[in-house]
Amino acid sequence: MSSDQKNKIRRKIERMPDSPGVYFFKNPRGRIIYVGKARKLVSRARSYMQAHERLDPKTKALMEAVDSVDYIATGNEVEALVLEASMIREYRPRYNIRLKDDKRYPYLKITANEEFPRLLIVRRVLDDGAEYFGPYTDAGAVRRTLKAIKTIFPLRDCKGSFRRRTRECLNFQIGRCRGPCTGKVDSDEYAAVVRQLRMFLRGHSEALVKELQRSMESLSEKRRYEEASVARDQIASIRKINERQHAVDPGGADEDAVAIAREGSSACGVVMKVREGRILSSEAFMMPVAPSDDIIASYEVFFKLYYNTSLDIPPGILAQYELPDGKLIGRWLKEKTGKPVSISIPSRGHRRKLIDLAEKNAASRLLTPRGRKTSAKRVLGDLKKLLGLPATPSRIEAFDISNIQGSVAVGSMVTFVDGRPLKSGYRHFRIRTVEGPDDFAMMREVLLRRLDRLKDGKSRRPDLILIDGGKGQVSAVMKAMRTSGLSPISVIGLAKRNEEIFVPGGKDPIVLSRRSPVLKLLQKARDEAHRFAVEYHRKLRSSGLVESGMDGIPGVGEYRKMQLLVRFGSLTGLKNATEDEIAALPGIGPAIARKIHEHINGE
């Protein structure tokens with residue numbers, strides 16, 4: 001920067017007011033390259049005109065690129081904070097920390113400005129009277145969520161004017177729409193469905209389930225059984241979704257956990273949304289950073305940028321670090337939501353664990369940025385570090401059990417070498433010593449038989465044994481290991497419900513990001529063992545080795561047979577069940593329940 005240019009910028013700075021506002025630097029082409037906020041504009045802007053040697057490297061580079069400076073005065077610091085975040089998002093200045101691709105994050109939109117609202121995926125938030133939920137960083141997950149929502153809440157999909165229609169579309173015929181186009185539902189009834197959808201998107205599932213239960217009971221009392229069955233199916237679908245959400249707070253709080261991790265020139269911020277004590281979602285945002293950027297400053301910038309665009313701000317936010325502008329941010333969030341928002345830094349308990357989990361998710365995301373394939377060698381190296389193994393687990397053997405209430409129980413083993421399945425290392429096991437549905441005992445038998453082969457030197461020893469299950473299955477394997485007298489082999493369990501990794505003697509499970517290549521490799525091996533076991537079990541059943549009292553019922557296949565046996569325990573239990581009890585199972589309904597009841601009871 002020339003001396004004339006410096007003098008020109010100094011004169012501009014001296015004319016700035018001694019009040020809150022936003023200042024911004026431009027390059028010779030007029031593009032904004034840095035935006036900052038200040039409680040006193042003139043004082044803050046002067047600090048950039050210090051002697052060159054007193055500036056940090058990033059500020060030196062900035063000032064060498066500056067051609068002019070300008071400002072916008074605001075009424076108070078909160079307005080300055082909001083304007084700063086909005087300008088960073090709009091202009092994406094080169095020398096500011098910013099969210100990567102932040103203009104492309106999807107939102108869910110309820111067109112509340114329409115008489116019969118729709119639910120859409122959009123990438124722009126407009127001031128159009130609609131309601132928006134987001135932002136979300138995983139577009140695929142948003143599409144899957146939308147698909148699930150359409151099966152629970154029957155909202156219309158049609159665009160434009162639909163009042164002139166004389167017949168309903170296919171969505172009405174399959175129960176995915178209430179038919180407002182032909183007057184099948186009035187605006188009040190439709191509004192009730194939209195209200196329930198809002199509750200679901202805000203994570204208030206328990207309150208929604210209670211409301212649907214009251215509705216189902218009321219409809220049943222009025223003998224409106226078809227409508228009651230719709231409410232029943234809604235409850236079942238919502239509960240199924242809730243089962244996949246990890247419970248972290250017994251008090252059922254609504255709060256966010258915000259954490260950041262950094263590696264080289266990249267940082268990742270994670271916001272873990274907890275609603276009614278369950279993890280509703282975990283959103284990860286990549287940010288380019290400079291080597292000289294302070295981690296706490298980067299964290300505060302991420303915090304402000306996220307909540308500037310977030311449309312779902314809970315009453316409590318758990319922070320990883322103390323925010324320099326914490327009080328100001330608290331005032332801003334209160335003005336934005338119309339209610340107090342507490343920002344706390346937990347030091348212990350389940351809230352501290354939640355922050356640690358968010359940080360682990362951020363660190364995991366940094367290991368494998370989106371769009372970059374990771375070599376099997378690197379994934380196995382990361383797995384070794386994660387588990388603290390003595391050697392890289394090049395050879396992994398995964399085990400699973402398949403049975404229906406103990407009937408024709410089988411076990412499976414699949415082998416992965418260097419991250420790839422080795423078909424010659426696949427084995428089947430018929431359970432010989434266990435009677436009845438005891439998965440732990442079955443797993444122990446399978447492992448003892450496998451370990452005996454290893455002890456005799458007839459097979460190559462694995463570096464890691466992977467079990468489909470949690471603490472119980474891992475304990476069964478460890479007992480088998482001690483009984484065999486073989487020198488210990490590393491063992492882990494991968495539980496399906498929350499994809500948690502269990503290690504022997506570990507107090508808490510290891511939770512990885514769903515995008516983690518390490519988790520994906522373990523899932524691949526676990527799921528292959530499950531597929532191989534189920535395939536063998538079906539082969540035995542189809543060969544006539546197993547006969548069931550439910551064979552021959554129209555519309556009842558293997559899955560529904562398993563569903564019925566799991567629910568009622570045995571054929572005797574099923575015979576004693578009423579048609580209504582059978583129909584209450586998800587996906588069965590009154591018609592199939594009647595066929596099952598008649599067949600089982602010989603009618």
# chains A, B, ... in the order shown; residues from 1 in each chain; ligands from 1
>>> select_by_dssp(residues="region 245-477 of chain A", states="strand (DSSP E)", output="ChimeraX atom specification")
/A:255-263,266-275,278-288,316-319,342-344,395-404,407-417,420-421,427-430,464-468
>>> closest_atom_pairs(of="region 231-332 of chain A", to="region 37-51 of chain A", cutoff="12 Å", atoms="only C-alpha atoms", output="JSON lines")
{"residue": "A:Val301", "atom": "CA", "partner": "A:Lys37", "partner_atom": "CA", "distance": 11.7}
{"residue": "A:Asp325", "atom": "CA", "partner": "A:Arg39", "partner_atom": "CA", "distance": 11.1}
{"residue": "A:Leu328", "atom": "CA", "partner": "A:Arg39", "partner_atom": "CA", "distance": 10.8}
>>> residues_around(residues="Gln213 (chain A)", least_positions_apart="6", cutoff="12 Å", atoms="only C-alpha atoms", output="PyMOL selection string")
chain A and resi 206-207+219-220+228-236+238
>>> residues_around(residues="Ile317 (chain A)", least_positions_apart="6", cutoff="8 Å", atoms="only C-alpha atoms", output="JSON, numbers by chain")
{"A": [255, 256, 257, 258, 341, 342, 343, 344]}
>>> write_last_selection(atoms="N, CA and C atoms", output="PDB file, in the first residue's frame")
ATOM      1  N   GLU A 255     -31.862 -28.386  23.923  1.00  0.00           N
ATOM      2  CA  GLU A 255     -30.639 -27.594  23.911  1.00  0.00           C
ATOM      3  C   GLU A 255     -29.776 -27.986  22.721  1.00  0.00           C
ATOM      4  N   ASP A 256     -28.825 -27.110  22.370  1.00  0.00           N
ATOM      5  CA  ASP A 256     -27.833 -27.386  21.340  1.00  0.00           C
ATOM      6  C   ASP A 256     -26.471 -27.541  22.000  1.00  0.00           C
ATOM      7  N   ALA A 257     -25.644 -28.420  21.453  1.00  0.00           N
ATOM      8  CA  ALA A 257     -24.237 -28.523  21.861  1.00  0.00           C
ATOM      9  C   ALA A 257     -23.399 -28.085  20.667  1.00  0.00           C
ATOM     10  N   VAL A 258     -22.568 -27.061  20.856  1.00  0.00           N
ATOM     11  CA  VAL A 258     -21.803 -26.471  19.755  1.00  0.00           C
ATOM     12  C   VAL A 258     -20.321 -26.677  20.013  1.00  0.00           C
ATOM     13  N   VAL A 341     -32.165 -16.931  26.264  1.00  0.00           N
ATOM     14  CA  VAL A 341     -31.377 -18.074  25.794  1.00  0.00           C
ATOM     15  C   VAL A 341     -30.103 -18.127  26.627  1.00  0.00           C
ATOM     16  N   SER A 342     -29.927 -19.203  27.386  1.00  0.00           N
ATOM     17  CA  SER A 342     -28.739 -19.323  28.235  1.00  0.00           C
ATOM     18  C   SER A 342     -27.612 -19.991  27.455  1.00  0.00           C
ATOM     19  N   ILE A 343     -26.398 -19.462  27.611  1.00  0.00           N
ATOM     20  CA  ILE A 343     -25.204 -20.045  27.000  1.00  0.00           C
ATOM     21  C   ILE A 343     -24.285 -20.462  28.138  1.00  0.00           C
ATOM     22  N   SER A 344     -24.027 -21.764  28.277  1.00  0.00           N
ATOM     23  CA  SER A 344     -23.232 -22.271  29.397  1.00  0.00           C
ATOM     24  C   SER A 344     -22.104 -23.161  28.892  1.00  0.00           C
TER      25      SER A 344
END
>>> residues_around(residues="Asp127 (chain A)", least_positions_apart="2", cutoff="12 Å", atoms="only C-alpha atoms", output="ChimeraX atom specification")
/A:109,111-113,124-125,129-132
>>> select_by_dssp(residues="region 83-193 of chain A", states="alpha helix (DSSP H)", output="ChimeraX atom specification")
/A:83-91,139-152,170-173,187-193
>>> write_last_selection(atoms="C-alpha atoms", output="compact mmCIF listing (two decimals), in the first residue's frame")
# COMPACT_ATOMS: atom_id res chain seq x y z
CA LEU A 83 -25.10 -6.97 10.27
CA GLU A 84 -21.55 -8.35 10.44
CA ALA A 85 -22.76 -11.97 10.24
CA SER A 86 -25.17 -11.12 7.39
CA MET A 87 -22.46 -9.33 5.36
CA ILE A 88 -19.96 -12.19 5.83
CA ARG A 89 -22.58 -14.64 4.57
CA GLU A 90 -23.56 -12.37 1.66
CA TYR A 91 -20.14 -11.21 0.42
CA ALA A 139 -29.17 -32.95 1.65
CA GLY A 140 -29.65 -36.74 1.36
CA ALA A 141 -30.82 -36.95 4.97
CA VAL A 142 -33.26 -34.09 4.37
CA ARG A 143 -34.77 -35.91 1.38
CA ARG A 144 -35.10 -39.11 3.43
CA THR A 145 -36.73 -37.12 6.24
CA LEU A 146 -39.19 -35.58 3.78
CA LYS A 147 -40.05 -39.03 2.44
CA ALA A 148 -40.71 -40.33 5.97
CA ILE A 149 -42.77 -37.26 6.87
CA LYS A 150 -45.07 -37.81 3.88
CA THR A 151 -45.98 -41.26 5.21
CA ILE A 152 -46.89 -39.80 8.64
CA LEU A 170 -53.01 -41.07 -6.42
CA ASN A 171 -51.65 -39.62 -3.15
CA PHE A 172 -55.21 -39.47 -1.79
CA GLN A 173 -55.85 -43.08 -2.82
CA SER A 187 -59.04 -25.95 6.43
CA ASP A 188 -59.38 -26.51 10.21
CA GLU A 189 -58.79 -30.27 9.98
CA TYR A 190 -55.88 -29.70 7.60
CA ALA A 191 -54.40 -27.06 9.93
CA ALA A 192 -54.36 -29.66 12.73
CA VAL A 193 -52.13 -31.91 10.58
>>> residues_around(residues="region 416-419 of chain A", least_positions_apart="5", cutoff="6 Å", atoms="only C-alpha atoms", output="mmCIF file with C-alpha atoms, in the first residue's frame")
data_model
loop_
_atom_site.group_PDB
_atom_site.id
_atom_site.type_symbol
_atom_site.label_atom_id
_atom_site.label_comp_id
_atom_site.auth_asym_id
_atom_site.auth_seq_id
_atom_site.Cartn_x
_atom_site.Cartn_y
_atom_site.Cartn_z
ATOM 1 C CA ALA A 376 -8.341 -48.740 3.192
ATOM 2 C CA SER A 394 -5.649 -56.010 8.482
ATOM 3 C CA ARG A 395 -7.725 -59.173 9.066
ATOM 4 C CA ILE A 396 -11.161 -58.681 10.654
#
>>> residues_around(residues="Arg118 (chain A)", least_positions_apart="4", cutoff="7 Å", atoms="only C-alpha atoms", output="number ranges by chain")
A: 110-111, 155-157
>>> closest_residue(among="A:Tyr136, A:Thr337, A:Lys595, A:Pro93", to="Pro106 (chain A)", atoms="only C-alpha atoms")
A:Tyr136
>>> atom_distance(atom1="CA of Val271 (chain A)", atom2="CA of Asp312 (chain A)")
11.5 Å
>>> atom_distance(atom1="CA of Lys524 (chain A)", atom2="CA of Ser412 (chain A)")
14.6 Å
>>> closest_residue(among="A:Tyr225, A:Asp463, A:Ile313, A:Arg331", to="Asp580 (chain A)", atoms="only C-alpha atoms")
A:Tyr225
>>> atom_distance(atom1="CA of Arg460 (chain A)", atom2="CA of Gly493 (chain A)")
21.1 Å
>>> closest_residue(among="A:Pro315, A:Gly411, A:Pro462, A:Gly425", to="Glu445 (chain A)", atoms="only C-alpha atoms")
A:Gly411
>>> closest_residue(among="A:Met413, A:Leu448, A:Val503, A:Leu354", to="Arg526 (chain A)", atoms="only C-alpha atoms")
A:Met413
